[in-house]
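Text of the file upload35.pdb, holding PDB, C-alpha atoms, pLDDT in the B column:
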```pdb
ATOM      1  CA  MET A  25       0.000   0.000   0.000  1.00 62.00           C
ATOM      2  CA  PRO A  26       1.425   3.427  -0.932  1.00 73.00           C
ATOM      3  CA  GLU A  27       2.271   6.004   1.706  1.00 86.00           C
ATOM      4  CA  LEU A  28      -0.465   8.601   2.312  1.00 89.00           C
ATOM      5  CA  MET A  29      -0.065  11.938   0.546  1.00 93.00           C
ATOM      6  CA  ILE A  30      -0.394  14.545   3.298  1.00 93.00           C
ATOM      7  CA  PHE A  31      -1.985  17.852   2.214  1.00 93.00           C
ATOM      8  CA  LYS A  32      -3.068  19.241   5.606  1.00 94.00           C
ATOM      9  CA  PRO A  33      -0.187  21.793   5.713  1.00 95.00           C
ATOM     10  CA  VAL A  34      -1.158  23.062   2.223  1.00 95.00           C
ATOM     11  CA  ILE A  35      -4.858  23.316   3.106  1.00 95.00           C
ATOM     12  CA  ASP A  36      -4.065  25.064   6.383  1.00 94.00           C
ATOM     13  CA  ALA A  37      -1.761  27.569   4.618  1.00 96.00           C
ATOM     14  CA  GLN A  38      -3.749  28.154   1.410  1.00 95.00           C
ATOM     15  CA  GLY A  39      -7.317  27.362   2.495  1.00 97.00           C
ATOM     16  CA  VAL A  40     -10.136  29.755   3.245  1.00 97.00           C
ATOM     17  CA  PRO A  41     -12.500  29.746   6.219  1.00 98.00           C
ATOM     18  CA  PHE A  42     -16.044  28.449   5.886  1.00 98.00           C
ATOM     19  CA  ILE A  43     -18.761  27.729   8.437  1.00 97.00           C
ATOM     20  CA  ALA A  44     -20.294  24.280   8.810  1.00 97.00           C
ATOM     21  CA  HIS A  45     -23.612  23.801  10.597  1.00 95.00           C
ATOM     22  CA  LEU A  46     -22.980  20.502  12.390  1.00 93.00           C
ATOM     23  CA  MET A  47     -25.629  18.674  14.390  1.00 86.00           C
ATOM     24  CA  GLY A  48     -24.751  18.015  18.013  1.00 84.00           C
ATOM     25  CA  GLU A  49     -25.162  14.505  19.338  1.00 84.00           C
ATOM     26  CA  GLY A  50     -28.685  13.536  20.277  1.00 84.00           C
ATOM     27  CA  SER A  51     -29.697  11.639  23.386  1.00 87.00           C
ATOM     28  CA  TYR A  52     -32.592   9.875  25.007  1.00 89.00           C
ATOM     29  CA  VAL A  53     -34.584  11.990  27.460  1.00 89.00           C
ATOM     30  CA  ASP A  54     -37.189  10.104  29.496  1.00 92.00           C
ATOM     31  CA  GLY A  55     -37.121   7.311  26.903  1.00 90.00           C
ATOM     32  CA  GLU A  56     -37.655   9.666  23.939  1.00 89.00           C
ATOM     33  CA  TRP A  57     -34.933  10.466  21.391  1.00 87.00           C
ATOM     34  CA  VAL A  58     -34.083  14.185  21.225  1.00 88.00           C
ATOM     35  CA  ASN A  59     -31.961  15.412  18.304  1.00 85.00           C
ATOM     36  CA  GLY A  60     -28.907  17.496  19.093  1.00 85.00           C
ATOM     37  CA  SER A  61     -28.956  21.198  18.358  1.00 86.00           C
ATOM     38  CA  PRO A  62     -26.993  22.660  15.428  1.00 84.00           C
ATOM     39  CA  GLN A  63     -23.503  23.935  16.206  1.00 92.00           C
ATOM     40  CA  LEU A  64     -21.608  26.400  14.016  1.00 95.00           C
ATOM     41  CA  LYS A  65     -17.994  25.440  13.441  1.00 96.00           C
ATOM     42  CA  GLU A  66     -15.445  27.465  11.466  1.00 97.00           C
ATOM     43  CA  LEU A  67     -13.283  25.174   9.349  1.00 97.00           C
ATOM     44  CA  ILE A  68     -10.603  25.612   6.683  1.00 98.00           C
ATOM     45  CA  GLY A  69     -10.699  24.248   3.157  1.00 97.00           C
ATOM     46  CA  ILE A  70      -9.852  24.921  -0.446  1.00 97.00           C
ATOM     47  CA  ILE A  71     -12.976  25.854  -2.391  1.00 96.00           C
ATOM     48  CA  LEU A  72     -12.906  25.591  -6.171  1.00 94.00           C
ATOM     49  CA  PRO A  73     -15.451  26.075  -8.955  1.00 90.00           C
ATOM     50  CA  LEU A  74     -17.141  22.833  -9.896  1.00 80.00           C
ATOM     51  CA  VAL A  75     -17.950  23.944 -13.450  1.00 69.00           C
ATOM     52  CA  ALA A  76     -15.767  26.160 -15.614  1.00 62.00           C
ATOM     53  CA  GLY A  77     -17.624  29.079 -17.142  1.00 54.00           C
ATOM     54  CA  SER A  78     -18.371  32.758 -16.883  1.00 48.00           C
ATOM     55  CA  LYS A  79     -21.501  34.248 -15.340  1.00 50.00           C
ATOM     56  CA  SER A  80     -21.406  37.002 -17.949  1.00 42.00           C
ATOM     57  CA  VAL A  81     -22.085  34.385 -20.618  1.00 42.00           C
ATOM     58  CA  GLY A  82     -24.865  32.804 -18.593  1.00 44.00           C
ATOM     59  CA  GLU A  83     -24.925  29.849 -16.236  1.00 48.00           C
ATOM     60  CA  ALA A  84     -22.937  26.963 -17.658  1.00 48.00           C
ATOM     61  CA  LEU A  85     -24.418  23.532 -17.066  1.00 48.00           C
ATOM     62  CA  SER A  86     -22.601  20.291 -16.525  1.00 54.00           C
ATOM     63  CA  TYR A  87     -24.168  16.859 -16.113  1.00 53.00           C
ATOM     64  CA  MET A  88     -22.643  14.578 -13.528  1.00 53.00           C
ATOM     65  CA  GLU A  89     -23.565  11.394 -11.722  1.00 56.00           C
ATOM     66  CA  ASN A  90     -25.540  13.326  -9.062  1.00 55.00           C
ATOM     67  CA  GLY A  91     -27.503  15.478 -11.530  1.00 59.00           C
ATOM     68  CA  LYS A  92     -26.859  18.770 -13.270  1.00 61.00           C
ATOM     69  CA  TYR A  93     -24.665  21.506 -11.812  1.00 61.00           C
ATOM     70  CA  THR A  94     -24.195  25.200 -12.548  1.00 67.00           C
ATOM     71  CA  THR A  95     -21.322  27.601 -11.984  1.00 71.00           C
ATOM     72  CA  LYS A  96     -22.744  28.262  -8.498  1.00 86.00           C
ATOM     73  CA  GLU A  97     -21.799  24.809  -7.211  1.00 89.00           C
ATOM     74  CA  LYS A  98     -18.368  24.374  -5.639  1.00 93.00           C
ATOM     75  CA  LYS A  99     -15.849  21.654  -4.863  1.00 94.00           C
ATOM     76  CA  LEU A 100     -14.519  21.595  -1.284  1.00 96.00           C
ATOM     77  CA  LEU A 101     -11.194  20.031  -0.297  1.00 95.00           C
ATOM     78  CA  THR A 102     -10.720  19.760   3.465  1.00 95.00           C
ATOM     79  CA  THR A 103      -9.261  17.451   6.068  1.00 94.00           C
ATOM     80  CA  SER A 104     -12.490  17.733   8.096  1.00 93.00           C
ATOM     81  CA  LEU A 105     -15.182  15.062   7.908  1.00 92.00           C
ATOM     82  CA  LEU A 106     -18.606  16.464   7.018  1.00 94.00           C
ATOM     83  CA  PRO A 107     -21.816  14.423   6.982  1.00 92.00           C
ATOM     84  CA  ASP A 108     -23.900  14.406   3.809  1.00 92.00           C
ATOM     85  CA  GLY A 109     -26.492  17.184   3.951  1.00 91.00           C
ATOM     86  CA  THR A 110     -24.392  19.522   6.107  1.00 94.00           C
ATOM     87  CA  LEU A 111     -25.199  23.205   5.557  1.00 95.00           C
ATOM     88  CA  VAL A 112     -22.082  25.226   4.685  1.00 96.00           C
ATOM     89  CA  GLU A 113     -21.712  29.011   4.504  1.00 96.00           C
ATOM     90  CA  TYR A 114     -19.000  30.571   2.351  1.00 96.00           C
ATOM     91  CA  ARG A 115     -18.740  34.240   1.352  1.00 95.00           C
ATOM     92  CA  GLY A 116     -22.340  34.921   2.335  1.00 94.00           C
ATOM     93  CA  GLU A 117     -23.716  32.071   0.218  1.00 94.00           C
ATOM     94  CA  LYS A 118     -25.243  28.845   1.539  1.00 96.00           C
ATOM     95  CA  TYR A 119     -24.460  25.399   0.217  1.00 96.00           C
ATOM     96  CA  THR A 120     -25.373  21.827   1.090  1.00 95.00           C
ATOM     97  CA  ILE A 121     -22.791  19.050   1.132  1.00 95.00           C
ATOM     98  CA  GLN A 122     -24.163  16.642  -1.436  1.00 89.00           C
ATOM     99  CA  ALA A 123     -21.440  14.203  -2.394  1.00 85.00           C
ATOM    100  CA  PHE A 124     -18.219  12.843  -0.935  1.00 88.00           C
ATOM    101  CA  THR A 125     -15.349  11.215  -2.801  1.00 82.00           C
ATOM    102  CA  ASP A 126     -13.391   8.867  -0.544  1.00 82.00           C
ATOM    103  CA  TYR A 127      -9.653   9.029  -1.179  1.00 85.00           C
ATOM    104  CA  THR A 128      -8.658   8.172   2.418  1.00 85.00           C
ATOM    105  CA  GLU A 129      -6.681   5.205   1.139  1.00 88.00           C
ATOM    106  CA  TYR A 130      -4.344   7.654  -0.625  1.00 91.00           C
ATOM    107  CA  THR A 131      -4.555  11.045   1.091  1.00 93.00           C
ATOM    108  CA  ASP A 132      -5.753  12.990   4.133  1.00 93.00           C
ATOM    109  CA  VAL A 133      -8.028  15.193   1.977  1.00 93.00           C
ATOM    110  CA  ASN A 134     -11.799  14.789   1.813  1.00 93.00           C
ATOM    111  CA  ILE A 135     -13.392  16.048  -1.404  1.00 93.00           C
ATOM    112  CA  TYR A 136     -17.013  17.205  -1.355  1.00 94.00           C
ATOM    113  CA  ILE A 137     -19.474  18.778  -3.766  1.00 93.00           C
ATOM    114  CA  MET A 138     -21.268  21.798  -2.341  1.00 94.00           C
ATOM    115  CA  ARG A 139     -24.688  22.369  -3.914  1.00 92.00           C
ATOM    116  CA  TRP A 140     -25.711  26.048  -3.937  1.00 90.00           C
ATOM    117  CA  ARG A 141     -28.903  26.846  -2.023  1.00 85.00           C
ATOM    118  CA  GLU A 142     -31.234  29.760  -2.510  1.00 72.00           C
ATOM    119  CA  LYS A 143     -31.515  31.884   0.596  1.00 66.00           C
TER
END
```
Just give me the structure as structure tokens.
Amino acid sequence: MPELMIFKPVIDAQGVPFIAHLMGEGSYVDGEWVNGSPQLKELIGIILPLVAGSKSVGEALSYMENGKYTTKEKKLLTTSLLPDGTLVEYRGEKYTIQAFTDYTEYTDVNIYIMRWREK
């Protein structure tokens, strides 16, 4: 098995902050399950366009395994683990983590697709 490629120092140095809305752990209260409350956590990652294109030309579309994407969707590279469906805020825009590519056999980076959400 090859040695892991470690990118944490690069992500920490070159990444940008984003906010993840993570659910706290739930618990049983008087025999009833109570969901945890959301917790805001500032994390670091590299955020890239998912689709090449210019907004001045109109929204470019790309078809992928998970559906169609526009220039508003982003790719997130981070060493943090984020559950599917996590709400992410970046530069005043809201996104939902929709897909995860598992490269943990090769690297310490987790790669996600962030689906743009209307406010």
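Every residue that the PyMOL selection byres ((chain A and resi 132) around 12) selects in this file is listed here: A:Glu27, A:Leu28, A:Met29, A:Ile30, A:Phe31, A:Lys32, A:Pro33, A:Val34, A:Ile35, A:Leu101, A:Thr102, A:Thr103, A:Ser104, A:Leu105, A:Thr125, A:Asp126, A:Tyr127, A:Thr128, A:Glu129, A:Tyr130, A:Thr131, A:Val133, A:Asn134, A:Ile135.
Between CA of Leu72 (chain A) and CA of Glu97 (chain A) the interatomic distance comes to 9.0 Å.
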(message) List the spatial neighbours of Tyr136 (chain A) as a list of chain:residue names - criterion: any atom at most 7 Å away, all atoms listed in the file, same-chain residues fewer than 4 positions off excluded.
(response) A:Lys99, A:Leu100, A:Leu101, A:Ile121, A:Ala123, A:Phe124, A:Thr125
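What the PyMOL selection byres ((chain A and resi 106-118) around 6) picks from this file is Phe42, Ile43, Ala44, His45, Leu105, Tyr119, Thr120, Ile121, Gln122 and Arg141 of chain A.
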(request) Evaluate the PyMOL selection byres ((chain A and resi 47) around 8) on the structure here and hand back the selected residues as a VMD selection string. (result) chain A and resid 45 to 46 48 to 49 60 to 63
Store the residues picked out above in a file with C-alpha atoms, as an mmCIF file, keeping the file's coordinate frame.
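Output file result_4.cif is given in full below:
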```cif
data_model
loop_
_atom_site.group_PDB
_atom_site.id
_atom_site.type_symbol
_atom_site.label_atom_id
_atom_site.label_comp_id
_atom_site.auth_asym_id
_atom_site.auth_seq_id
_atom_site.Cartn_x
_atom_site.Cartn_y
_atom_site.Cartn_z
ATOM 1 C CA HIS A 45 -23.612 23.801 10.597
ATOM 2 C CA LEU A 46 -22.980 20.502 12.390
ATOM 3 C CA GLY A 48 -24.751 18.015 18.013
ATOM 4 C CA GLU A 49 -25.162 14.505 19.338
ATOM 5 C CA GLY A 60 -28.907 17.496 19.093
ATOM 6 C CA SER A 61 -28.956 21.198 18.358
ATOM 7 C CA PRO A 62 -26.993 22.660 15.428
ATOM 8 C CA GLN A 63 -23.503 23.935 16.206
#
```
Please supply region 33-58 of chain A, rebuilt with N, CA, C and O atoms, as an mmCIF file, keeping the file's coordinate frame.
```cif
data_model
loop_
_atom_site.group_PDB
_atom_site.id
_atom_site.type_symbol
_atom_site.label_atom_id
_atom_site.label_comp_id
_atom_site.auth_asym_id
_atom_site.auth_seq_id
_atom_site.Cartn_x
_atom_site.Cartn_y
_atom_site.Cartn_z
ATOM 1 N N PRO A 33 -0.929 20.517 5.647
ATOM 2 C CA PRO A 33 -0.187 21.793 5.713
ATOM 3 C C PRO A 33 -0.547 22.753 4.563
ATOM 4 O O PRO A 33 -0.619 23.965 4.762
ATOM 5 N N VAL A 34 -0.788 22.222 3.375
ATOM 6 C CA VAL A 34 -1.158 23.062 2.223
ATOM 7 C C VAL A 34 -2.542 23.650 2.434
ATOM 8 O O VAL A 34 -2.768 24.846 2.216
ATOM 9 N N ILE A 35 -3.497 22.830 2.880
ATOM 10 C CA ILE A 35 -4.858 23.316 3.106
ATOM 11 C C ILE A 35 -4.875 24.348 4.219
ATOM 12 O O ILE A 35 -5.530 25.386 4.110
ATOM 13 N N ASP A 36 -4.121 24.101 5.288
ATOM 14 C CA ASP A 36 -4.065 25.064 6.383
ATOM 15 C C ASP A 36 -3.459 26.390 5.928
ATOM 16 O O ASP A 36 -3.911 27.464 6.334
ATOM 17 N N ALA A 37 -2.443 26.354 5.074
ATOM 18 C CA ALA A 37 -1.761 27.569 4.618
ATOM 19 C C ALA A 37 -2.517 28.295 3.507
ATOM 20 O O ALA A 37 -2.541 29.524 3.473
ATOM 21 N N GLN A 38 -3.127 27.557 2.592
ATOM 22 C CA GLN A 38 -3.749 28.154 1.410
ATOM 23 C C GLN A 38 -5.276 28.156 1.437
ATOM 24 O O GLN A 38 -5.896 28.741 0.560
ATOM 25 N N GLY A 39 -5.861 27.487 2.435
ATOM 26 C CA GLY A 39 -7.317 27.362 2.495
ATOM 27 C C GLY A 39 -8.001 28.644 2.938
ATOM 28 O O GLY A 39 -7.363 29.613 3.355
ATOM 29 N N VAL A 40 -9.297 28.631 2.832
ATOM 30 C CA VAL A 40 -10.136 29.755 3.245
ATOM 31 C C VAL A 40 -11.095 29.268 4.323
ATOM 32 O O VAL A 40 -11.450 28.089 4.376
ATOM 33 N N PRO A 41 -11.549 30.173 5.187
ATOM 34 C CA PRO A 41 -12.500 29.746 6.219
ATOM 35 C C PRO A 41 -13.908 29.578 5.641
ATOM 36 O O PRO A 41 -14.310 30.297 4.724
ATOM 37 N N PHE A 42 -14.623 28.625 6.178
ATOM 38 C CA PHE A 42 -16.044 28.449 5.886
ATOM 39 C C PHE A 42 -16.715 27.984 7.169
ATOM 40 O O PHE A 42 -16.047 27.535 8.102
ATOM 41 N N ILE A 43 -18.018 28.116 7.235
ATOM 42 C CA ILE A 43 -18.761 27.729 8.437
ATOM 43 C C ILE A 43 -19.618 26.510 8.120
ATOM 44 O O ILE A 43 -20.379 26.508 7.145
ATOM 45 N N ALA A 44 -19.479 25.492 8.942
ATOM 46 C CA ALA A 44 -20.294 24.280 8.810
ATOM 47 C C ALA A 44 -21.311 24.252 9.946
ATOM 48 O O ALA A 44 -20.966 24.515 11.094
ATOM 49 N N HIS A 45 -22.556 23.964 9.604
ATOM 50 C CA HIS A 45 -23.612 23.801 10.597
ATOM 51 C C HIS A 45 -23.687 22.313 10.925
ATOM 52 O O HIS A 45 -24.301 21.542 10.185
ATOM 53 N N LEU A 46 -23.046 21.914 12.007
ATOM 54 C CA LEU A 46 -22.980 20.502 12.390
ATOM 55 C C LEU A 46 -23.998 20.211 13.474
ATOM 56 O O LEU A 46 -24.194 21.017 14.392
ATOM 57 N N MET A 47 -24.643 19.070 13.379
ATOM 58 C CA MET A 47 -25.629 18.674 14.390
ATOM 59 C C MET A 47 -24.910 18.094 15.596
ATOM 60 O O MET A 47 -24.037 17.246 15.454
ATOM 61 N N GLY A 48 -25.286 18.584 16.783
ATOM 62 C CA GLY A 48 -24.751 18.015 18.013
ATOM 63 C C GLY A 48 -25.321 16.624 18.220
ATOM 64 O O GLY A 48 -26.309 16.235 17.586
ATOM 65 N N GLU A 49 -24.699 15.869 19.086
ATOM 66 C CA GLU A 49 -25.162 14.505 19.338
ATOM 67 C C GLU A 49 -26.508 14.542 20.040
ATOM 68 O O GLU A 49 -26.726 15.338 20.943
ATOM 69 N N GLY A 50 -27.390 13.664 19.627
ATOM 70 C CA GLY A 50 -28.685 13.536 20.277
ATOM 71 C C GLY A 50 -28.587 12.611 21.482
ATOM 72 O O GLY A 50 -27.549 11.985 21.720
ATOM 73 N N SER A 51 -29.678 12.523 22.215
ATOM 74 C CA SER A 51 -29.697 11.639 23.386
ATOM 75 C C SER A 51 -31.138 11.277 23.725
ATOM 76 O O SER A 51 -32.076 11.909 23.245
ATOM 77 N N TYR A 52 -31.272 10.266 24.531
ATOM 78 C CA TYR A 52 -32.592 9.875 25.007
ATOM 79 C C TYR A 52 -32.920 10.664 26.263
ATOM 80 O O TYR A 52 -32.120 10.743 27.189
ATOM 81 N N VAL A 53 -34.098 11.269 26.291
ATOM 82 C CA VAL A 53 -34.584 11.990 27.460
ATOM 83 C C VAL A 53 -35.913 11.388 27.836
ATOM 84 O O VAL A 53 -36.868 11.430 27.048
ATOM 85 N N ASP A 54 -35.968 10.782 29.022
ATOM 86 C CA ASP A 54 -37.189 10.104 29.496
ATOM 87 C C ASP A 54 -37.699 9.082 28.481
ATOM 88 O O ASP A 54 -38.899 8.986 28.223
ATOM 89 N N GLY A 55 -36.764 8.366 27.843
ATOM 90 C CA GLY A 55 -37.121 7.311 26.903
ATOM 91 C C GLY A 55 -37.432 7.796 25.502
ATOM 92 O O GLY A 55 -37.725 6.998 24.620
ATOM 93 N N GLU A 56 -37.381 9.092 25.263
ATOM 94 C CA GLU A 56 -37.655 9.666 23.939
ATOM 95 C C GLU A 56 -36.359 10.210 23.350
ATOM 96 O O GLU A 56 -35.573 10.860 24.040
ATOM 97 N N TRP A 57 -36.126 9.961 22.047
ATOM 98 C CA TRP A 57 -34.933 10.466 21.391
ATOM 99 C C TRP A 57 -35.090 11.956 21.107
ATOM 100 O O TRP A 57 -36.102 12.393 20.557
ATOM 101 N N VAL A 58 -34.098 12.748 21.488
ATOM 102 C CA VAL A 58 -34.083 14.185 21.225
ATOM 103 C C VAL A 58 -32.851 14.476 20.377
ATOM 104 O O VAL A 58 -31.732 14.161 20.781
#
```
